[in-house]
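File shown: coords-v3.txt (compact mmCIF, C-alpha atoms and all ligand atoms).
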# COMPACT_ATOMS: atom_id res chain seq x y z
CA MET A 1 3.53 2.27 18.37
CA PRO A 2 6.96 3.13 16.90
CA ASP A 3 7.28 5.97 14.43
CA LEU A 4 6.16 4.69 11.07
CA HIS A 5 8.01 5.16 7.81
CA ILE A 6 7.39 4.08 4.23
CA VAL A 7 9.27 0.91 3.29
CA THR A 8 10.56 0.27 -0.21
CA TYR A 9 10.64 -2.73 -2.52
CA PRO A 10 11.61 -5.53 -1.85
CA HIS A 11 10.76 -5.15 1.87
CA PRO A 12 9.01 -8.41 2.97
CA ALA A 13 5.93 -6.52 4.28
CA LEU A 14 5.16 -5.50 0.67
CA LEU A 15 5.27 -9.07 -0.59
CA ARG A 16 3.06 -10.64 2.09
CA PRO A 17 -0.77 -10.54 2.12
CA ALA A 18 -2.10 -8.36 4.95
CA ARG A 19 -4.62 -9.62 7.53
CA PRO A 20 -8.15 -8.29 8.15
CA LEU A 21 -8.50 -5.97 11.13
CA VAL A 22 -10.88 -7.02 13.90
CA ARG A 23 -11.20 -3.78 15.86
CA ILE A 24 -10.87 -0.02 15.56
CA ASP A 25 -9.39 1.81 18.54
CA GLU A 26 -7.41 4.92 19.45
CA GLU A 27 -4.11 3.33 18.45
CA LEU A 28 -5.48 2.54 14.98
CA ARG A 29 -6.70 6.13 14.61
CA GLY A 30 -3.15 7.24 15.48
CA ILE A 31 -1.74 4.90 12.83
CA VAL A 32 -4.13 6.35 10.23
CA ARG A 33 -3.11 9.92 11.12
CA GLN A 34 0.56 8.97 10.71
CA MET A 35 -0.18 7.26 7.38
CA PHE A 36 -1.90 10.37 6.00
CA ALA A 37 1.05 12.53 7.15
CA LEU A 38 3.57 10.21 5.46
CA MET A 39 1.47 10.07 2.29
CA TYR A 40 1.27 13.88 2.05
CA GLU A 41 4.98 14.24 2.79
CA ALA A 42 5.73 11.88 -0.11
CA LYS A 43 3.14 13.63 -2.35
CA GLY A 44 1.15 10.45 -2.83
CA VAL A 45 -2.61 9.93 -3.28
CA GLY A 46 -2.83 6.56 -1.52
CA LEU A 47 -0.92 4.52 1.06
CA ALA A 48 -1.49 0.94 2.24
CA ALA A 49 -0.69 -0.21 5.79
CA ASN A 50 1.88 -2.77 4.65
CA GLN A 51 3.80 0.09 3.01
CA VAL A 52 4.51 1.27 6.57
CA ASN A 53 5.40 -2.26 7.72
CA LEU A 54 1.99 -2.99 9.32
CA PRO A 55 0.36 -6.26 8.16
CA TYR A 56 -3.24 -4.96 8.22
CA ARG A 57 -5.92 -4.66 5.53
CA LEU A 58 -6.23 -0.89 5.57
CA PHE A 59 -5.36 1.91 3.18
CA VAL A 60 -5.78 5.67 3.10
CA MET A 61 -6.50 7.84 0.07
CA ASN A 62 -6.77 11.53 -0.80
CA LEU A 63 -6.94 12.06 -4.54
CA SER A 64 -6.10 15.75 -4.14
CA ALA A 65 -2.80 14.85 -2.35
CA ASP A 66 -3.49 18.07 -0.45
CA PRO A 67 -3.48 18.07 3.38
CA ALA A 68 -5.51 21.30 3.21
CA LYS A 69 -8.40 19.19 1.85
CA PRO A 70 -9.17 16.75 4.69
CA GLU A 71 -12.73 16.44 3.38
CA GLU A 72 -11.24 14.35 0.55
CA GLU A 73 -9.58 11.92 2.94
CA HIS A 74 -10.84 8.34 2.86
CA VAL A 75 -9.91 5.36 5.04
CA PHE A 76 -10.73 1.87 3.76
CA ILE A 77 -10.59 -0.97 6.29
CA ASN A 78 -10.88 -4.60 5.09
CA PRO A 79 -11.74 -3.50 1.52
CA VAL A 80 -13.32 -5.94 -0.92
CA LEU A 81 -13.43 -5.15 -4.64
CA SER A 82 -16.04 -6.52 -7.02
CA ARG A 83 -17.73 -6.09 -10.42
CA PRO A 84 -14.71 -4.95 -12.48
CA LYS A 85 -15.75 -3.50 -15.83
CA GLY A 86 -13.88 -2.27 -18.89
CA SER A 87 -10.16 -1.81 -19.27
CA GLU A 88 -7.99 1.28 -19.16
CA GLU A 89 -4.25 1.92 -19.31
CA ALA A 90 -2.62 4.76 -17.33
CA GLU A 91 0.72 5.58 -15.81
CA GLU A 92 1.25 4.54 -12.19
CA GLY A 93 3.90 5.09 -9.59
CA CYS A 94 4.29 3.83 -6.04
CA LEU A 95 5.71 5.35 -2.85
CA SER A 96 7.46 2.02 -2.26
CA LEU A 97 9.21 2.23 -5.66
CA PRO A 98 10.05 5.95 -5.69
CA GLY A 99 10.85 7.44 -9.08
CA LEU A 100 9.55 4.46 -11.08
CA TYR A 101 6.55 5.06 -13.37
CA ALA A 102 4.97 2.77 -15.93
CA PRO A 103 1.69 2.17 -17.76
CA VAL A 104 -0.61 -0.36 -16.06
CA ARG A 105 -3.80 -1.81 -17.54
CA ARG A 106 -6.69 -2.22 -15.09
CA PRO A 107 -10.48 -2.44 -15.11
CA ALA A 108 -11.89 1.06 -15.70
CA GLN A 109 -14.68 0.68 -13.13
CA ILE A 110 -14.79 -1.18 -9.84
CA SER A 111 -17.02 -1.49 -6.78
CA ILE A 112 -15.51 -1.26 -3.32
CA ASN A 113 -17.00 -2.34 -0.02
CA ALA A 114 -15.13 -1.54 3.20
CA TYR A 115 -15.35 -0.04 6.68
CA ASN A 116 -14.37 3.50 7.54
CA LEU A 117 -12.61 4.65 10.70
CA GLU A 118 -15.99 5.07 12.43
CA GLY A 119 -16.66 1.38 11.85
CA GLU A 120 -19.43 2.12 9.33
CA GLU A 121 -19.78 0.04 6.19
CA VAL A 122 -19.11 2.05 3.03
CA SER A 123 -19.64 1.06 -0.60
CA ALA A 124 -18.97 2.93 -3.80
CA ARG A 125 -18.87 2.41 -7.54
CA LEU A 126 -15.70 4.09 -8.80
CA GLU A 127 -14.09 5.05 -12.09
CA GLY A 128 -11.13 7.10 -13.27
CA LEU A 129 -8.34 7.86 -10.78
CA ALA A 130 -10.35 6.67 -7.76
CA ALA A 131 -10.88 3.24 -9.37
CA ARG A 132 -7.18 3.01 -10.20
CA VAL A 133 -6.00 4.02 -6.72
CA VAL A 134 -8.27 1.60 -4.83
CA GLN A 135 -7.14 -1.24 -7.11
CA HIS A 136 -3.46 -0.31 -6.68
CA GLU A 137 -3.86 -0.10 -2.87
CA THR A 138 -5.95 -3.27 -2.52
CA ASP A 139 -3.25 -5.05 -4.56
CA HIS A 140 -0.75 -3.91 -1.90
CA LEU A 141 -2.87 -5.61 0.76
CA ASP A 142 -2.64 -8.81 -1.27
CA GLY A 143 1.17 -8.50 -1.53
CA ILE A 144 0.97 -7.41 -5.18
CA LEU A 145 2.89 -4.41 -6.58
CA PHE A 146 2.19 -2.48 -9.76
CA ILE A 147 5.38 -3.93 -11.25
CA ASP A 148 3.61 -7.32 -11.07
CA ARG A 149 0.91 -5.92 -13.41
CA LEU A 150 3.13 -4.65 -16.23
CA SER A 151 2.95 -5.96 -19.77
CA PRO A 152 5.88 -8.30 -20.53
CA THR A 153 7.58 -5.69 -22.75
CA VAL A 154 7.33 -2.91 -20.16
CA ARG A 155 8.50 -5.29 -17.43
CA MET A 156 11.53 -6.17 -19.54
CA ALA A 157 12.32 -2.51 -20.18
CA LEU A 158 12.22 -1.83 -16.41
CA GLN A 159 14.25 -4.88 -15.42
CA GLU A 160 17.35 -2.83 -14.54
CA PRO A 161 15.76 -0.12 -12.35
CA ILE A 162 13.78 -2.83 -10.50
CA LYS A 163 16.97 -4.84 -9.97
CA GLU A 164 18.59 -1.63 -8.71
CA PHE A 165 15.96 -1.37 -5.91
CA GLU A 166 16.84 -4.93 -4.87
CA ILE A 167 20.59 -4.23 -4.88
CA ILE A 168 20.21 -1.06 -2.79
CA TYR A 169 17.88 -2.81 -0.34
CA HIS A 170 20.19 -5.78 0.16
CA SER A 171 23.25 -3.60 0.55
CA LYS A 172 21.43 -1.71 3.32
CA GLN A 173 20.73 -5.05 4.98
CA CYS A 174 24.40 -6.00 4.67
CA ARG A 175 25.34 -2.74 6.39
CA ARG A 176 22.73 -3.53 9.09
CA GLU A 177 20.79 -0.32 8.31
CA ILE A 178 17.71 -2.55 7.80
CA PRO A 179 17.02 -5.74 9.80
CA ASP A 180 17.35 -9.04 7.95
CA ASN A 181 14.20 -10.56 6.41
CA GLU A 182 13.79 -13.18 9.15
CA ALA A 183 13.69 -10.45 11.83
CA ILE A 184 11.22 -8.36 9.78
CA ILE A 185 8.92 -11.36 9.29
CA ARG A 186 9.06 -12.23 13.02
CA GLN A 187 8.00 -8.66 13.82
CA LEU A 188 5.16 -8.83 11.25
CA GLU A 189 3.95 -12.07 12.86
CA VAL A 190 3.84 -10.38 16.27
CA LEU A 191 1.84 -7.46 14.80
CA GLU A 192 -0.54 -9.91 13.09
CA GLN A 193 -1.25 -11.60 16.44
CA LEU A 194 -1.96 -8.21 18.05
CA ARG A 195 -4.82 -7.01 15.85
CA THR A 196 -6.07 -9.69 13.49
ZN ZN B 201 1.94 1.59 -4.21

Could I get this file's structure written as structure tokens?
Ligand code: ZN
Amino acid sequence: MPDLHIVTYPHPALLRPARPLVRIDEELRGIVRQMFALMYEAKGVGLAANQVNLPYRLFVMNLSADPAKPEEEHVFINPVLSRPKGSEEAEEGCLSLPGLYAPVRRPAQISINAYNLEGEEVSARLEGLAARVVQHETDHLDGILFIDRLSPTVRMALQEPIKEFEIIYHSKQCRREIPDNEAIIRQLEVLEQLRT
């Protein structure tokens, strides 16, 4: 497993639905450890596997953002959300769109069903920040970013900074600092065959 790093919009891994995992093994536990480390380093509260260029339905979460509180760490494998209720607006950001923050309206409560790293089924009814984070992260696994959930006026106001991410990304590709999209997608397809 190569060293993982967080990829930024518009990296193709972020725009492509991730595949369900079929097994949990030592390599996957290593991936999860690296994902937590990257999340803490970036001061985030959640990180989805496709944000580190892995096409798997898995995300990690620690609402305290504090590596000294491992008891608040959660791993969600193949999560399924259901029974959305209510509606709440709050500001969101994303480690794949660093520095960009905007209000996003989402259901206030949600149920999640998933597997943890021990392969046990877990379910919870969530509200507040936890409900928001699991919806944001499950969106990632479906290839959806929080900028896809903005109201039309907010989206218009953020048009330029979003375009800026695209310009920077493509200029890095032109300078060969990032592989071209075809090469990235070929690598994702290989990883999909490996574990899904
Ligand atoms: Zn995000």

Env. residues ligand ZN 201 (chain B) / 8 Å / only C-alpha atoms and all ligand atoms / as a VMD selection string: chain A and resid 46 to 48 51 93 to 97 136 to 137 140 145 to 146

Contacts of A:Arg23 within 9 Å, all atoms listed in the file, excl. fewer than 5 positions in-chain, as JSON, numbers by chain: {"A": [28, 119, 195, 196]}

From A:Cys174, A:Leu58, A:Ala68, A:Ala37, residue lying nearest A:Tyr115 [only C-alpha atoms]: A:Leu58

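If all atoms listed in the file are the atoms counted, then among A:Asn53, A:Ser123, A:Ser111, A:Thr8 the closest residue to A:Leu81 is A:Ser111.
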
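Taking atom CA of A:Leu100 and atom CA of A:Ala183 as the two end points, the separation is 27.6 Å.
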
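Atom CA of A:Glu88 to atom CA of A:Arg57 spans 25.5 Å [interatomic distance, one decimal].
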
Counting only C-alpha atoms, the residue of A:Gln135, A:Ser64, A:Ser151, A:Asn78 that sits nearest A:Arg19: A:Asn78

Selected residue of minimal separation from A:Asn116 among A:Lys43, A:Arg186, A:Arg29, A:His170, counting all atoms listed in the file: A:Arg29

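Residue nearest A:Ser82, chosen from A:Ile31, A:Leu126, A:Val190, A:Val154 and counting all atoms listed in the file: A:Leu126.
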
Residue with smallest distance to A:Val133 - pool A:Pro20, A:Pro12, A:Pro98, A:Gly44, counting all atoms listed in the file: A:Gly44

Expected answer as a list in words: all residues with atoms within 12 Å of (9.8, -0.1, -19.8), only C-alpha atoms: Glu91, Leu100, Tyr101, Ala102, Pro103, Val104, Ile147, Leu150, Ser151, Pro152, Thr153, Val154, Arg155, Met156, Ala157, Leu158, Gln159, Glu160, Pro161 and Ile162 of chain A

I need the chosen residues saved as a PDB file, in the coordinates of the input, with C-alpha atoms.
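Wrote out38.pdb, looks like this:
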ATOM      1  CA  GLU A  91       0.720   5.580 -15.810  1.00  0.00           C
ATOM      2  CA  LEU A 100       9.550   4.460 -11.080  1.00  0.00           C
ATOM      3  CA  TYR A 101       6.550   5.060 -13.370  1.00  0.00           C
ATOM      4  CA  ALA A 102       4.970   2.770 -15.930  1.00  0.00           C
ATOM      5  CA  PRO A 103       1.690   2.170 -17.760  1.00  0.00           C
ATOM      6  CA  VAL A 104      -0.610  -0.360 -16.060  1.00  0.00           C
ATOM      7  CA  ILE A 147       5.380  -3.930 -11.250  1.00  0.00           C
ATOM      8  CA  LEU A 150       3.130  -4.650 -16.230  1.00  0.00           C
ATOM      9  CA  SER A 151       2.950  -5.960 -19.770  1.00  0.00           C
ATOM     10  CA  PRO A 152       5.880  -8.300 -20.530  1.00  0.00           C
ATOM     11  CA  THR A 153       7.580  -5.690 -22.750  1.00  0.00           C
ATOM     12  CA  VAL A 154       7.330  -2.910 -20.160  1.00  0.00           C
ATOM     13  CA  ARG A 155       8.500  -5.290 -17.430  1.00  0.00           C
ATOM     14  CA  MET A 156      11.530  -6.170 -19.540  1.00  0.00           C
ATOM     15  CA  ALA A 157      12.320  -2.510 -20.180  1.00  0.00           C
ATOM     16  CA  LEU A 158      12.220  -1.830 -16.410  1.00  0.00           C
ATOM     17  CA  GLN A 159      14.250  -4.880 -15.420  1.00  0.00           C
ATOM     18  CA  GLU A 160      17.350  -2.830 -14.540  1.00  0.00           C
ATOM     19  CA  PRO A 161      15.760  -0.120 -12.350  1.00  0.00           C
ATOM     20  CA  ILE A 162      13.780  -2.830 -10.500  1.00  0.00           C
TER      21      ILE A 162
END

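The gap separating atom CA of A:Ala13 from atom CA of A:Gln173 is 14.9 Å, in Å to one decimal.
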
Kindly write stretch 80-130 of chain A with N, CA and C atoms to a file, as a JSON list (two decimals), in the first residue's frame.
[["chain", "number", "residue", "atom", "x", "y", "z"],
["A", 80, "VAL", "N", -25.07, 2.61, 5.19],
["A", 80, "VAL", "CA", -26.36, 2.87, 4.53],
["A", 80, "VAL", "C", -27.13, 3.82, 5.42],
["A", 81, "LEU", "N", -27.61, 4.92, 4.86],
["A", 81, "LEU", "CA", -28.39, 5.90, 5.62],
["A", 81, "LEU", "C", -29.87, 5.69, 5.35],
["A", 82, "SER", "N", -30.69, 5.97, 6.37],
["A", 82, "SER", "CA", -32.14, 5.85, 6.18],
["A", 82, "SER", "C", -32.87, 6.78, 7.14],
["A", 83, "ARG", "N", -34.18, 6.88, 6.96],
["A", 83, "ARG", "CA", -35.09, 7.62, 7.83],
["A", 83, "ARG", "C", -34.64, 9.06, 8.12],
["A", 84, "PRO", "N", -34.34, 9.84, 7.07],
["A", 84, "PRO", "CA", -34.01, 11.25, 7.31],
["A", 84, "PRO", "C", -35.21, 11.98, 7.88],
["A", 85, "LYS", "N", -34.95, 12.91, 8.81],
["A", 85, "LYS", "CA", -36.04, 13.66, 9.43],
["A", 85, "LYS", "C", -35.61, 15.10, 9.68],
["A", 86, "GLY", "N", -36.52, 16.03, 9.45],
["A", 86, "GLY", "CA", -36.25, 17.43, 9.72],
["A", 86, "GLY", "C", -35.28, 18.02, 8.72],
["A", 87, "SER", "N", -34.88, 19.26, 8.99],
["A", 87, "SER", "CA", -34.00, 19.98, 8.08],
["A", 87, "SER", "C", -33.24, 21.03, 8.87],
["A", 88, "GLU", "N", -31.95, 21.13, 8.63],
["A", 88, "GLU", "CA", -31.12, 22.02, 9.42],
["A", 88, "GLU", "C", -30.03, 22.58, 8.52],
["A", 89, "GLU", "N", -29.72, 23.86, 8.68],
["A", 89, "GLU", "CA", -28.64, 24.45, 7.90],
["A", 89, "GLU", "C", -27.45, 24.72, 8.81],
["A", 90, "ALA", "N", -26.25, 24.36, 8.37],
["A", 90, "ALA", "CA", -25.04, 24.67, 9.13],
["A", 90, "ALA", "C", -23.86, 24.78, 8.17],
["A", 91, "GLU", "N", -22.82, 25.45, 8.64],
["A", 91, "GLU", "CA", -21.65, 25.64, 7.80],
["A", 91, "GLU", "C", -20.84, 24.35, 7.70],
["A", 92, "GLU", "N", -20.40, 24.04, 6.50],
["A", 92, "GLU", "CA", -19.55, 22.86, 6.28],
["A", 92, "GLU", "C", -18.28, 23.25, 5.55],
["A", 93, "GLY", "N", -17.26, 22.44, 5.77],
["A", 93, "GLY", "CA", -16.04, 22.54, 5.00],
["A", 93, "GLY", "C", -15.67, 21.13, 4.60],
["A", 94, "CYS", "N", -14.56, 20.99, 3.87],
["A", 94, "CYS", "CA", -14.17, 19.66, 3.38],
["A", 94, "CYS", "C", -12.66, 19.63, 3.18],
["A", 95, "LEU", "N", -12.02, 18.55, 3.64],
["A", 95, "LEU", "CA", -10.56, 18.46, 3.51],
["A", 95, "LEU", "C", -10.13, 18.38, 2.05],
["A", 96, "SER", "N", -11.07, 18.09, 1.16],
["A", 96, "SER", "CA", -10.75, 18.04, -0.27],
["A", 96, "SER", "C", -11.02, 19.37, -0.97],
["A", 97, "LEU", "N", -11.55, 20.35, -0.20],
["A", 97, "LEU", "CA", -11.72, 21.72, -0.71],
["A", 97, "LEU", "C", -11.23, 22.66, 0.39],
["A", 98, "PRO", "N", -9.92, 22.58, 0.71],
["A", 98, "PRO", "CA", -9.43, 23.29, 1.90],
["A", 98, "PRO", "C", -9.67, 24.80, 1.83],
["A", 99, "GLY", "N", -10.17, 25.33, 2.94],
["A", 99, "GLY", "CA", -10.36, 26.78, 3.04],
["A", 99, "GLY", "C", -11.74, 27.24, 2.59],
["A", 100, "LEU", "N", -12.53, 26.34, 2.00],
["A", 100, "LEU", "CA", -13.85, 26.72, 1.50],
["A", 100, "LEU", "C", -14.92, 26.30, 2.52],
["A", 101, "TYR", "N", -15.77, 27.24, 2.92],
["A", 101, "TYR", "CA", -16.83, 26.95, 3.89],
["A", 101, "TYR", "C", -18.13, 27.55, 3.38],
["A", 102, "ALA", "N", -19.22, 26.84, 3.60],
["A", 102, "ALA", "CA", -20.51, 27.35, 3.14],
["A", 102, "ALA", "C", -21.64, 26.66, 3.88],
["A", 103, "PRO", "N", -22.79, 27.35, 4.01],
["A", 103, "PRO", "CA", -23.94, 26.72, 4.65],
["A", 103, "PRO", "C", -24.54, 25.64, 3.75],
["A", 104, "VAL", "N", -24.88, 24.50, 4.38],
["A", 104, "VAL", "CA", -25.49, 23.38, 3.66],
["A", 104, "VAL", "C", -26.72, 22.94, 4.44],
["A", 105, "ARG", "N", -27.84, 22.75, 3.74],
["A", 105, "ARG", "CA", -29.06, 22.28, 4.39],
["A", 105, "ARG", "C", -29.15, 20.76, 4.24],
["A", 106, "ARG", "N", -29.36, 20.08, 5.40],
["A", 106, "ARG", "CA", -29.47, 18.62, 5.39],
["A", 106, "ARG", "C", -30.53, 18.20, 6.39],
["A", 107, "PRO", "N", -31.01, 16.94, 6.26],
["A", 107, "PRO", "CA", -31.88, 16.41, 7.31],
["A", 107, "PRO", "C", -31.20, 16.52, 8.68],
["A", 108, "ALA", "N", -31.98, 16.86, 9.71],
["A", 108, "ALA", "CA", -31.42, 17.07, 11.04],
["A", 108, "ALA", "C", -31.11, 15.75, 11.74],
["A", 109, "GLN", "N", -31.88, 14.71, 11.40],
["A", 109, "GLN", "CA", -31.67, 13.39, 12.01],
["A", 109, "GLN", "C", -31.55, 12.35, 10.90],
["A", 110, "ILE", "N", -30.75, 11.32, 11.19],
["A", 110, "ILE", "CA", -30.57, 10.26, 10.20],
["A", 110, "ILE", "C", -30.20, 8.97, 10.93],
["A", 111, "SER", "N", -30.58, 7.85, 10.33],
["A", 111, "SER", "CA", -30.14, 6.54, 10.86],
["A", 111, "SER", "C", -29.02, 6.02, 9.98],
["A", 112, "ILE", "N", -28.03, 5.42, 10.61],
["A", 112, "ILE", "CA", -26.93, 4.81, 9.85],
["A", 112, "ILE", "C", -26.79, 3.36, 10.25],
["A", 113, "ASN", "N", -26.54, 2.52, 9.24],
["A", 113, "ASN", "CA", -26.27, 1.12, 9.45],
["A", 113, "ASN", "C", -24.98, 0.82, 8.70],
["A", 114, "ALA", "N", -24.03, 0.16, 9.37],
["A", 114, "ALA", "CA", -22.72, -0.07, 8.74],
["A", 114, "ALA", "C", -22.03, -1.21, 9.45],
["A", 115, "TYR", "N", -20.79, -1.49, 9.04],
["A", 115, "TYR", "CA", -19.93, -2.45, 9.75],
["A", 115, "TYR", "C", -18.75, -1.69, 10.32],
["A", 116, "ASN", "N", -18.29, -2.13, 11.49],
["A", 116, "ASN", "CA", -17.08, -1.53, 12.04],
["A", 116, "ASN", "C", -15.87, -2.36, 11.63],
["A", 117, "LEU", "N", -14.70, -1.97, 12.12],
["A", 117, "LEU", "CA", -13.46, -2.63, 11.69],
["A", 117, "LEU", "C", -13.35, -4.05, 12.23],
["A", 118, "GLU", "N", -14.19, -4.40, 13.21],
["A", 118, "GLU", "CA", -14.22, -5.77, 13.73],
["A", 118, "GLU", "C", -15.20, -6.63, 12.92],
["A", 119, "GLY", "N", -15.83, -6.03, 11.93],
["A", 119, "GLY", "CA", -16.78, -6.77, 11.11],
["A", 119, "GLY", "C", -18.15, -6.90, 11.76],
["A", 120, "GLU", "N", -18.39, -6.15, 12.84],
["A", 120, "GLU", "CA", -19.69, -6.19, 13.51],
["A", 120, "GLU", "C", -20.62, -5.16, 12.90],
["A", 121, "GLU", "N", -21.90, -5.51, 12.83],
["A", 121, "GLU", "CA", -22.89, -4.57, 12.32],
["A", 121, "GLU", "C", -23.18, -3.52, 13.38],
["A", 122, "VAL", "N", -23.19, -2.26, 12.98],
["A", 122, "VAL", "CA", -23.50, -1.18, 13.93],
["A", 122, "VAL", "C", -24.63, -0.33, 13.35],
["A", 123, "SER", "N", -25.55, 0.09, 14.21],
["A", 123, "SER", "CA", -26.59, 1.02, 13.78],
["A", 123, "SER", "C", -26.74, 2.11, 14.81],
["A", 124, "ALA", "N", -27.10, 3.29, 14.36],
["A", 124, "ALA", "CA", -27.30, 4.41, 15.28],
["A", 124, "ALA", "C", -28.29, 5.39, 14.67],
["A", 125, "ARG", "N", -28.99, 6.08, 15.57],
["A", 125, "ARG", "CA", -29.85, 7.19, 15.18],
["A", 125, "ARG", "C", -29.10, 8.45, 15.59],
["A", 126, "LEU", "N", -28.79, 9.32, 14.65],
["A", 126, "LEU", "CA", -27.90, 10.45, 14.94],
["A", 126, "LEU", "C", -28.59, 11.79, 14.70],
["A", 127, "GLU", "N", -28.08, 12.79, 15.42],
["A", 127, "GLU", "CA", -28.53, 14.17, 15.18],
["A", 127, "GLU", "C", -27.34, 15.10, 15.38],
["A", 128, "GLY", "N", -27.56, 16.39, 15.15],
["A", 128, "GLY", "CA", -26.49, 17.37, 15.36],
["A", 128, "GLY", "C", -25.29, 17.12, 14.45],
["A", 129, "LEU", "N", -24.09, 17.36, 14.99],
["A", 129, "LEU", "CA", -22.86, 17.26, 14.19],
["A", 129, "LEU", "C", -22.66, 15.85, 13.64],
["A", 130, "ALA", "N", -22.94, 14.83, 14.46],
["A", 130, "ALA", "CA", -22.75, 13.45, 14.00],
["A", 130, "ALA", "C", -23.61, 13.16, 12.77]]
